[in-house]
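Everything below belongs to work_38.cif, which stores mmCIF, C-alpha atoms.
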```cif
data_target
loop_
_atom_site.label_atom_id
_atom_site.label_comp_id
_atom_site.auth_asym_id
_atom_site.auth_seq_id
_atom_site.Cartn_x
_atom_site.Cartn_y
_atom_site.Cartn_z
CA MET A 1 -32.98 -16.52 -13.56
CA THR A 2 -35.35 -19.19 -14.88
CA PRO A 3 -38.34 -20.44 -12.87
CA LYS A 4 -36.51 -23.75 -12.35
CA TRP A 5 -33.54 -22.05 -10.67
CA ILE A 6 -35.81 -19.78 -8.63
CA GLY A 7 -37.60 -22.94 -7.46
CA ILE A 8 -34.29 -24.55 -6.52
CA VAL A 9 -33.21 -21.48 -4.53
CA ILE A 10 -36.55 -21.41 -2.69
CA LEU A 11 -36.22 -25.15 -2.08
CA LEU A 12 -32.80 -24.59 -0.48
CA VAL A 13 -34.31 -21.95 1.81
CA ALA A 14 -37.20 -24.31 2.65
CA ALA A 15 -34.76 -27.11 3.54
CA PHE A 16 -32.81 -24.67 5.73
CA VAL A 17 -36.01 -23.59 7.52
CA GLU A 18 -37.10 -27.22 7.95
CA SER A 19 -33.73 -28.12 9.45
CA PHE A 20 -34.15 -25.40 12.08
CA ALA A 21 -37.74 -26.56 12.72
CA GLN A 22 -36.45 -30.06 13.50
CA THR A 23 -33.73 -28.68 15.76
CA PHE A 24 -36.17 -26.47 17.67
CA LEU A 25 -38.54 -29.41 18.12
CA LYS A 26 -35.69 -31.54 19.45
CA VAL A 27 -34.76 -28.86 21.99
CA GLY A 28 -38.40 -28.57 23.06
CA ALA A 29 -38.94 -32.34 23.23
CA ALA A 30 -35.82 -32.74 25.36
CA GLY A 31 -37.08 -30.20 27.90
CA GLY A 32 -35.59 -26.92 26.75
CA PRO A 33 -32.24 -25.33 26.02
CA ARG A 34 -30.33 -27.33 28.64
CA ILE A 35 -29.39 -29.79 25.86
CA LEU A 36 -27.73 -27.08 23.76
CA SER A 37 -23.94 -27.11 23.60
CA SER A 38 -22.23 -24.61 25.90
CA PRO A 39 -21.81 -21.52 23.71
CA TYR A 40 -25.42 -21.69 22.57
CA LYS A 41 -26.72 -22.38 26.07
CA GLU A 42 -24.85 -19.24 27.20
CA PHE A 43 -26.31 -17.28 24.26
CA VAL A 44 -29.85 -18.29 25.26
CA SER A 45 -29.14 -17.29 28.85
CA ARG A 46 -27.43 -13.99 27.97
CA TYR A 47 -30.22 -12.82 25.69
CA ARG A 48 -32.94 -14.21 27.97
CA LEU A 49 -34.42 -16.43 25.30
CA SER A 50 -37.07 -18.78 26.55
CA THR A 51 -36.12 -21.73 28.69
CA SER A 52 -39.64 -23.12 28.31
CA LYS A 53 -39.83 -26.30 26.26
CA ASN A 54 -43.21 -25.14 24.92
CA ALA A 55 -41.64 -22.01 23.40
CA TRP A 56 -39.09 -24.15 21.54
CA ILE A 57 -41.84 -26.47 20.30
CA ALA A 58 -43.87 -23.44 19.19
CA ALA A 59 -40.82 -22.11 17.32
CA GLY A 60 -40.49 -25.48 15.58
CA VAL A 61 -44.15 -25.47 14.58
CA LEU A 62 -43.86 -21.86 13.36
CA PHE A 63 -40.83 -22.74 11.23
CA TYR A 64 -42.73 -25.71 9.81
CA GLY A 65 -45.54 -23.33 8.87
CA VAL A 66 -43.07 -21.14 6.98
CA GLN A 67 -41.60 -24.24 5.36
CA ILE A 68 -45.06 -25.32 4.12
CA LEU A 69 -45.60 -21.94 2.48
CA LEU A 70 -42.18 -22.12 0.81
CA TRP A 71 -42.78 -25.73 -0.23
CA THR A 72 -46.07 -24.79 -1.89
CA LEU A 73 -44.23 -22.17 -3.92
CA VAL A 74 -41.54 -24.72 -4.82
CA LEU A 75 -44.19 -27.13 -6.10
CA HIS A 76 -45.59 -24.34 -8.26
CA LEU A 77 -42.16 -23.84 -9.86
CA LEU A 78 -40.71 -27.37 -10.01
CA ASP A 79 -41.90 -30.84 -10.91
CA VAL A 80 -42.60 -32.82 -7.77
CA SER A 81 -40.33 -35.58 -9.12
CA ILE A 82 -37.44 -33.10 -8.84
CA ALA A 83 -38.54 -31.18 -5.74
CA PHE A 84 -39.33 -34.05 -3.39
CA PRO A 85 -35.96 -35.85 -3.63
CA MET A 86 -34.15 -32.51 -3.35
CA ASP A 87 -35.95 -31.84 -0.09
CA SER A 88 -33.70 -34.51 1.40
CA LEU A 89 -31.21 -31.67 1.82
CA CYS A 90 -32.90 -31.10 5.17
CA PHE A 91 -31.13 -34.29 6.33
CA VAL A 92 -27.84 -32.53 5.62
CA GLY A 93 -29.02 -29.43 7.48
CA VAL A 94 -30.21 -31.42 10.48
CA ALA A 95 -26.87 -33.26 10.68
CA LEU A 96 -24.98 -29.96 10.64
CA LEU A 97 -27.29 -28.22 13.12
CA SER A 98 -27.42 -31.15 15.54
CA MET A 99 -23.64 -31.35 15.52
CA THR A 100 -23.23 -27.59 15.96
CA PHE A 101 -26.02 -26.68 18.39
CA LEU A 102 -26.69 -29.94 20.21
CA GLY A 103 -23.18 -31.38 20.30
CA GLU A 104 -24.32 -34.63 18.67
CA GLU A 105 -21.66 -36.83 17.14
CA VAL A 106 -21.88 -37.25 13.38
CA GLY A 107 -19.69 -40.19 12.45
CA THR A 108 -18.00 -41.21 9.23
CA VAL A 109 -20.89 -43.33 8.00
CA ARG A 110 -23.33 -40.43 8.45
CA TRP A 111 -20.99 -38.08 6.60
CA LEU A 112 -20.84 -40.62 3.79
CA GLY A 113 -24.65 -40.54 3.71
CA VAL A 114 -24.58 -36.73 3.62
CA PHE A 115 -22.16 -36.88 0.68
CA CYS A 116 -24.50 -39.29 -1.16
CA ILE A 117 -27.48 -36.98 -0.54
CA LEU A 118 -25.55 -33.95 -1.81
CA SER A 119 -24.36 -35.87 -4.89
CA GLY A 120 -27.90 -36.98 -5.73
CA THR A 121 -29.24 -33.48 -5.22
CA ILE A 122 -26.67 -32.02 -7.59
CA LEU A 123 -27.60 -34.61 -10.23
CA LEU A 124 -31.29 -33.74 -9.86
CA ALA A 125 -30.60 -30.03 -10.21
CA LEU A 126 -28.86 -30.46 -13.56
#
```
So, in terms of structure tokens, how does the structure I just supplied come out?
Amino acid sequence: MTPKWIGIVILLVAAFVESFAQTFLKVGAAGGPRILSSPYKEFVSRYRLSTSKNAWIAAGVLFYGVQILLWTLVLHLLDVSIAFPMDSLCFVGVALLSMTFLGEEVGTVRWLGVFCILSGTILLAL
């Protein structure tokens, strides 16, 4: 695999990590796992994961730390003019995670935006 494609793969992982960081911060900012949709709220309860909002915020900050390390590696492998726009994939990840874990509604217009982001990302990767 070429350095460019390795950079793109790492960028995808970084966007995934950043999407979870945002979701964890949202849970923490909203006061803890009570805002999670039912199956995930039950999961947190069953496995005795923290109900403290501070723990969720700390998890978000930790994930952002990992994302920064990955992003630094991405910038080593890719031109910033390619990497930065591709990082918008985290918007796609946040939409999917907020819908899945938080029960947020993602309407037609937002899905159209997600499609536009994915299309632009594919064009940049070529």
Given the PyMOL selection byres ((chain A and resi 102-112) around 12) and the file above, list the residues it selects as a tab-separated table (two decimals) with C-alpha atoms, in the frame of the given file.
```
chain	number	residue	atom	x	y	z
A	20	PHE	CA	-34.15	-25.40	12.08
A	22	GLN	CA	-36.45	-30.06	13.50
A	23	THR	CA	-33.73	-28.68	15.76
A	24	PHE	CA	-36.17	-26.47	17.67
A	26	LYS	CA	-35.69	-31.54	19.45
A	27	VAL	CA	-34.76	-28.86	21.99
A	30	ALA	CA	-35.82	-32.74	25.36
A	32	GLY	CA	-35.59	-26.92	26.75
A	33	PRO	CA	-32.24	-25.33	26.02
A	34	ARG	CA	-30.33	-27.33	28.64
A	35	ILE	CA	-29.39	-29.79	25.86
A	36	LEU	CA	-27.73	-27.08	23.76
A	37	SER	CA	-23.94	-27.11	23.60
A	38	SER	CA	-22.23	-24.61	25.90
A	39	PRO	CA	-21.81	-21.52	23.71
A	40	TYR	CA	-25.42	-21.69	22.57
A	41	LYS	CA	-26.72	-22.38	26.07
A	91	PHE	CA	-31.13	-34.29	6.33
A	92	VAL	CA	-27.84	-32.53	5.62
A	93	GLY	CA	-29.02	-29.43	7.48
A	94	VAL	CA	-30.21	-31.42	10.48
A	95	ALA	CA	-26.87	-33.26	10.68
A	96	LEU	CA	-24.98	-29.96	10.64
A	97	LEU	CA	-27.29	-28.22	13.12
A	98	SER	CA	-27.42	-31.15	15.54
A	99	MET	CA	-23.64	-31.35	15.52
A	100	THR	CA	-23.23	-27.59	15.96
A	101	PHE	CA	-26.02	-26.68	18.39
A	113	GLY	CA	-24.65	-40.54	3.71
A	114	VAL	CA	-24.58	-36.73	3.62
A	115	PHE	CA	-22.16	-36.88	0.68
A	116	CYS	CA	-24.50	-39.29	-1.16
A	117	ILE	CA	-27.48	-36.98	-0.54
A	118	LEU	CA	-25.55	-33.95	-1.81
A	119	SER	CA	-24.36	-35.87	-4.89
```
Mind giving me the straight-line distance from atom CA of A:Thr121 to atom CA of A:Val9 in Å, one decimal?
12.7 Å
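As for atom CA of A:Val17 and atom CA of A:Cys90, they are spaced 8.5 Å apart.
You will find atom CA of A:Gly7 at 20.5 Å from atom CA of A:Ala21.
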Give as a ChimeraX atom specification the residues that the PyMOL selection byres ((chain A and resi 66) around 12) matches when applied to the coordinates above.
/A:10,13-21,59-65,67-73
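Counting all atoms listed in the file and comparing A:Leu77, A:Val44, A:Ala29, A:Leu124, the residue that lies closest to A:Thr2 is A:Leu77.
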Taking the file as I've supplied it (selection: the PyMOL selection byres ((chain A and resi 82-85) around 9)), which residues are included? Please answer as a compact mmCIF listing (two decimals) with C-alpha atoms, in the coordinates of the input.
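What follows is the written file selection_32.txt:
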```txt
# COMPACT_ATOMS: atom_id res chain seq x y z
CA GLY A 7 -37.60 -22.94 -7.46
CA ILE A 8 -34.29 -24.55 -6.52
CA LEU A 11 -36.22 -25.15 -2.08
CA TRP A 71 -42.78 -25.73 -0.23
CA VAL A 74 -41.54 -24.72 -4.82
CA LEU A 75 -44.19 -27.13 -6.10
CA LEU A 78 -40.71 -27.37 -10.01
CA ASP A 79 -41.90 -30.84 -10.91
CA VAL A 80 -42.60 -32.82 -7.77
CA SER A 81 -40.33 -35.58 -9.12
CA MET A 86 -34.15 -32.51 -3.35
CA ASP A 87 -35.95 -31.84 -0.09
CA SER A 88 -33.70 -34.51 1.40
CA LEU A 89 -31.21 -31.67 1.82
CA GLY A 120 -27.90 -36.98 -5.73
CA THR A 121 -29.24 -33.48 -5.22
CA LEU A 124 -31.29 -33.74 -9.86
CA ALA A 125 -30.60 -30.03 -10.21
```
Would you place a box with edges along x, y and z of the file around all atoms of stretch 68-83 of chain A listed there, add 5 Å to each of its six sides, and report the centre and edge lengths in Å to one decimal, as AutoDock Vina command-line options?
```
--center_x -41.8 --center_y -28.8 --center_z -3.4 --size_x 18.6 --size_y 23.6 --size_z 25.0
```
Can stretch 91-105 of chain A be brought up to N, CA, C and O atoms and written out as a PDB file, in the coordinates of the input?
```pdb
ATOM      1  N   PHE A  91     -31.919 -33.329   5.562  1.00  0.00           N
ATOM      2  CA  PHE A  91     -31.130 -34.290   6.330  1.00  0.00           C
ATOM      3  C   PHE A  91     -29.710 -33.767   6.540  1.00  0.00           C
ATOM      4  O   PHE A  91     -29.124 -33.939   7.601  1.00  0.00           O
ATOM      5  N   VAL A  92     -29.171 -33.131   5.519  1.00  0.00           N
ATOM      6  CA  VAL A  92     -27.840 -32.530   5.620  1.00  0.00           C
ATOM      7  C   VAL A  92     -27.872 -31.394   6.647  1.00  0.00           C
ATOM      8  O   VAL A  92     -27.014 -31.306   7.528  1.00  0.00           O
ATOM      9  N   GLY A  93     -28.891 -30.540   6.542  1.00  0.00           N
ATOM     10  CA  GLY A  93     -29.020 -29.430   7.480  1.00  0.00           C
ATOM     11  C   GLY A  93     -29.180 -29.888   8.912  1.00  0.00           C
ATOM     12  O   GLY A  93     -28.560 -29.336   9.830  1.00  0.00           O
ATOM     13  N   VAL A  94     -30.001 -30.914   9.124  1.00  0.00           N
ATOM     14  CA  VAL A  94     -30.210 -31.420  10.480  1.00  0.00           C
ATOM     15  C   VAL A  94     -28.910 -32.010  11.034  1.00  0.00           C
ATOM     16  O   VAL A  94     -28.579 -31.795  12.209  1.00  0.00           O
ATOM     17  N   ALA A  95     -28.151 -32.710  10.210  1.00  0.00           N
ATOM     18  CA  ALA A  95     -26.870 -33.260  10.680  1.00  0.00           C
ATOM     19  C   ALA A  95     -25.931 -32.135  11.110  1.00  0.00           C
ATOM     20  O   ALA A  95     -25.302 -32.202  12.171  1.00  0.00           O
ATOM     21  N   LEU A  96     -25.855 -31.090  10.305  1.00  0.00           N
ATOM     22  CA  LEU A  96     -24.980 -29.960  10.640  1.00  0.00           C
ATOM     23  C   LEU A  96     -25.456 -29.210  11.879  1.00  0.00           C
ATOM     24  O   LEU A  96     -24.654 -28.872  12.760  1.00  0.00           O
ATOM     25  N   LEU A  97     -26.756 -28.960  11.971  1.00  0.00           N
ATOM     26  CA  LEU A  97     -27.290 -28.220  13.120  1.00  0.00           C
ATOM     27  C   LEU A  97     -27.209 -29.042  14.409  1.00  0.00           C
ATOM     28  O   LEU A  97     -26.889 -28.490  15.470  1.00  0.00           O
ATOM     29  N   SER A  98     -27.481 -30.338  14.331  1.00  0.00           N
ATOM     30  CA  SER A  98     -27.420 -31.150  15.540  1.00  0.00           C
ATOM     31  C   SER A  98     -25.980 -31.271  16.043  1.00  0.00           C
ATOM     32  O   SER A  98     -25.740 -31.300  17.252  1.00  0.00           O
ATOM     33  N   MET A  99     -25.047 -31.316  15.128  1.00  0.00           N
ATOM     34  CA  MET A  99     -23.640 -31.350  15.520  1.00  0.00           C
ATOM     35  C   MET A  99     -23.222 -30.017  16.138  1.00  0.00           C
ATOM     36  O   MET A  99     -22.573 -29.979  17.174  1.00  0.00           O
ATOM     37  N   THR A 100     -23.643 -28.918  15.519  1.00  0.00           N
ATOM     38  CA  THR A 100     -23.230 -27.590  15.960  1.00  0.00           C
ATOM     39  C   THR A 100     -23.923 -27.160  17.243  1.00  0.00           C
ATOM     40  O   THR A 100     -23.273 -26.754  18.204  1.00  0.00           O
ATOM     41  N   PHE A 101     -25.255 -27.227  17.270  1.00  0.00           N
ATOM     42  CA  PHE A 101     -26.020 -26.680  18.390  1.00  0.00           C
ATOM     43  C   PHE A 101     -26.262 -27.663  19.524  1.00  0.00           C
ATOM     44  O   PHE A 101     -26.403 -27.259  20.676  1.00  0.00           O
ATOM     45  N   LEU A 102     -26.349 -28.951  19.189  1.00  0.00           N
ATOM     46  CA  LEU A 102     -26.690 -29.940  20.210  1.00  0.00           C
ATOM     47  C   LEU A 102     -25.492 -30.778  20.639  1.00  0.00           C
ATOM     48  O   LEU A 102     -25.603 -31.585  21.556  1.00  0.00           O
ATOM     49  N   GLY A 103     -24.380 -30.618  19.948  1.00  0.00           N
ATOM     50  CA  GLY A 103     -23.180 -31.380  20.300  1.00  0.00           C
ATOM     51  C   GLY A 103     -23.281 -32.862  19.962  1.00  0.00           C
ATOM     52  O   GLY A 103     -22.544 -33.674  20.512  1.00  0.00           O
ATOM     53  N   GLU A 104     -24.184 -33.219  19.055  1.00  0.00           N
ATOM     54  CA  GLU A 104     -24.320 -34.630  18.670  1.00  0.00           C
ATOM     55  C   GLU A 104     -23.135 -35.049  17.804  1.00  0.00           C
ATOM     56  O   GLU A 104     -22.604 -34.260  17.036  1.00  0.00           O
ATOM     57  N   GLU A 105     -22.761 -36.287  17.934  1.00  0.00           N
ATOM     58  CA  GLU A 105     -21.660 -36.830  17.140  1.00  0.00           C
ATOM     59  C   GLU A 105     -22.194 -37.282  15.788  1.00  0.00           C
ATOM     60  O   GLU A 105     -23.185 -38.012  15.707  1.00  0.00           O
TER      61      GLU A 105
END
```
